[in-house]
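A.B. asks: Here it is, the structure in full.
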Amino acid sequence: MAQPTYRKILSASEFRGVVFSHMVSILGDLVTKVALPVLVYQRTDSSFLSAAAFAVGFLPQMASGLLFASVVDRYPPRTFLIACDVLRAALVLLMVVPGMPVAVLLLLLFVSAAITPLYRGARLALVPAILGKEAQVLGRSLLISITQIAQVAGFGLGGALLLIITPTEALALDAATFLLSAGLLAITLTSRPASSAATPGRSAFADTRSLLRDMFSAPDLRAVLLLNWIPPVCTIAPVALAVAYTSEVDTSPSSAAVLMLAMPLGALLSEGVVSRFASPRLRDRMVIPVSWLAVAPLLGFGLQPGIPVAGVLMFLCGIGSAYSVGLFNFIINATSQAQLGGAMGVNNSVAMSSQGVGALVAGAVSALAPPSTVLLGAGVVGIVATALLGSRVRNALAGQELPA
């Protein structure tokens with residue numbers, strides 16, 4: 001697909017199906033992240049268990065991605081995606097059963113969350129097959145943009161829904177979104193064979209271990225993956241400490257919303273512009289300087305700026321997140337087709353889970369130092385990591401065979 005545009009990629013009926021299924025399922029998933037903690041709190045009156053119901057939605061993702069990523073490549077992508085949607089719908093419907101013990105609710109959420117990185121890996125691996133290698137960059141950007149918009153709108157939607165329906169009804173609505181997603185995929189996707197046949201007598205865990213060995217034994221790919229993962233670990237810190245930072249600079253906690261929204265807004269803008277208008281070679285040349293932009297603004301928090309300036313700093317961090325556009329194409333080119341779904345699952349699960357770890361570390365360190373100092377430290381860590389990885393990543397990207 002020459003000179004891809006959003007209109008052109010959305011003219012592909014298969015990709016439209018992927019986009020719409022993504023929209024409905026992710027909104028439903030975010031509603032669950034609001035509704036289930038409320039339901040648990042109503043049942044137990046325990047803030048700890050309510051917080052656990054939120055955290056369990058994120059914690060299993062790294063484990064499942066690192067242990068079972070190769071499962072994605074063993075099954076036809078259409079079948080795998082539909083099965084995941086139906087299974088998640090069933091798990092959420094079980095949460096609706098009256099009197100379901102809280103421990104079982106958390107277990108059901110744990111299993112549902114463990115499916116997420118495998119599902120996302122299969123979907124991302126399908127995008128190049130639908131759109132081609134060049135247009136897939138724009139397709140991925142659109143899916144990421146939808147995710148970022150949903151993260152902003154989804155929690156608000158969840159809160160608004162709970163004003164008019166019960167948490168149980170909200171969970172039932174989430175189950176319906178998964179079934180709708182499965183239906184959209186069943187109607188629009190073409191059947192394709194599995195990218196990798198299972199070896200008789202060989203477990204998915206063994207195949208995943210082989211995949212991880214292949215990914216991390218290649219120095220260029222390892223450096224690209226680390227650069228893709230580390231800066232977001234640092235830039236999640238101001239989001240995690242947004243409320244604490246407003247207290248440090250003596251402003252209303254409600255102004256934390258400015259900090260939380262600034263970064264995804266910057267990312268939406270930059271991802272869309274770079275994916276749509278930058279050539280493959282320009283995207284590669286932008287990776288290192290733009291990756292500096294992703295973390296360097298955090299140094300400004302050392303001066304304890306007010307909320308307007310802090311919002312600008314976080315917006316710039318969001319702009320800098322576009323450095324990952326060039327990295328994604330390298331990951332695809334450096335991975336065999338037989339392992340692509342698993343590799344996408346590993347990349348996604350580590351990226352998501354490591355941000356959770358980054359938030360926890362920032363919160364723990366903030367008990368020992370002011371938030372502004374923690375954010376300054378996060379900026380220093382990000383800059384050091386970018387400097388250490390920059391040369392290897394620059395050489396890896398320069399060695400690719402790309403169109404001008």
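Residue numbers start at 1 in each chain; chains themselves are named A, B, ... in the order of the structure tokens; ligands are numbered from 1 in the order shown.
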Find the residues around stretch 228-244 of chain A up to 9 Å (only C-alpha atoms counted), leave out those fewer than 3 positions away in its own chain, and share them as a PyMOL selection string.
C.D. replies: chain A and resi 223-225+247-248+252-261+263+291-292+294-295+298+314+317-318+321+323-324+327-328+347+350-352+354-363+366+370-372+374-375+377-379+381-383+385-386
A.B. asks: Have a look at atom CA of A:Leu39 and atom CA of A:Ile164 and let me know their distance in Å, one decimal.
C.D. replies: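 Those two atoms sit 14.5 Å apart.
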A.B. asks: Can you tell me which residues surround A:Tyr41 at a distance of at most 6 Å, considering only C-alpha atoms, apart from same-chain residues fewer than 4 positions away, and format the answer as number ranges by chain?
C.D. replies: A: 45-46, 50
A.B. asks: Would you save the residues from that selection as a compact mmCIF listing (two decimals), in the first residue's frame, using N, CA and C atoms?
C.D. replies:
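What landed in result39.txt:
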# COMPACT_ATOMS: atom_id res chain seq x y z
N ASP A 45 -16.31 -3.75 52.20
CA ASP A 45 -15.99 -2.51 52.91
C ASP A 45 -14.48 -2.42 53.19
N SER A 46 -13.68 -3.02 52.30
CA SER A 46 -12.22 -3.04 52.47
C SER A 46 -11.56 -2.27 51.34
N SER A 50 -10.39 -3.61 47.54
CA SER A 50 -10.82 -2.82 46.40
C SER A 50 -9.62 -2.43 45.54
A.B. asks: So what do you get for atom CA of A:Ser11 versus atom CA of A:Phe277, distance-wise?
C.D. replies: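 These two atoms are separated by 18.7 Å.
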A.B. asks: Pick from A:Asp220, A:Asp207, A:Glu169, A:Asp29: nearest to A:Ser112, with only C-alpha atoms counted?
C.D. replies: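 Of A:Asp220, A:Asp207, A:Glu169, A:Asp29, the one nearest A:Ser112 is A:Asp29, counting only C-alpha atoms.
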A.B. asks: Go through A:Ile26, A:Leu227, A:Ile130, A:Ile115 and flag the residue nearest A:Val393, using only C-alpha atoms for the distances.
C.D. replies: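 Answer, going by the shortest atom-to-atom distance: A:Leu227.
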A.B. asks: Check stretch 152-360 of chain A with DSSP on the backbone and list each residue it calls helix (DSSP H, G or I), as an MDAnalysis selection string.
C.D. replies: chainID A and resid 152:161 167:188 204:217 219:235 237:240 242:248 253:277 280:303 307:333 337:360
A.B. asks: Could you jot down the atom CA of A:Arg192 to atom CA of A:Pro76 separation for me, Å, one decimal place?
C.D. replies: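 Computing it gives 5.7 Å between the two atoms.
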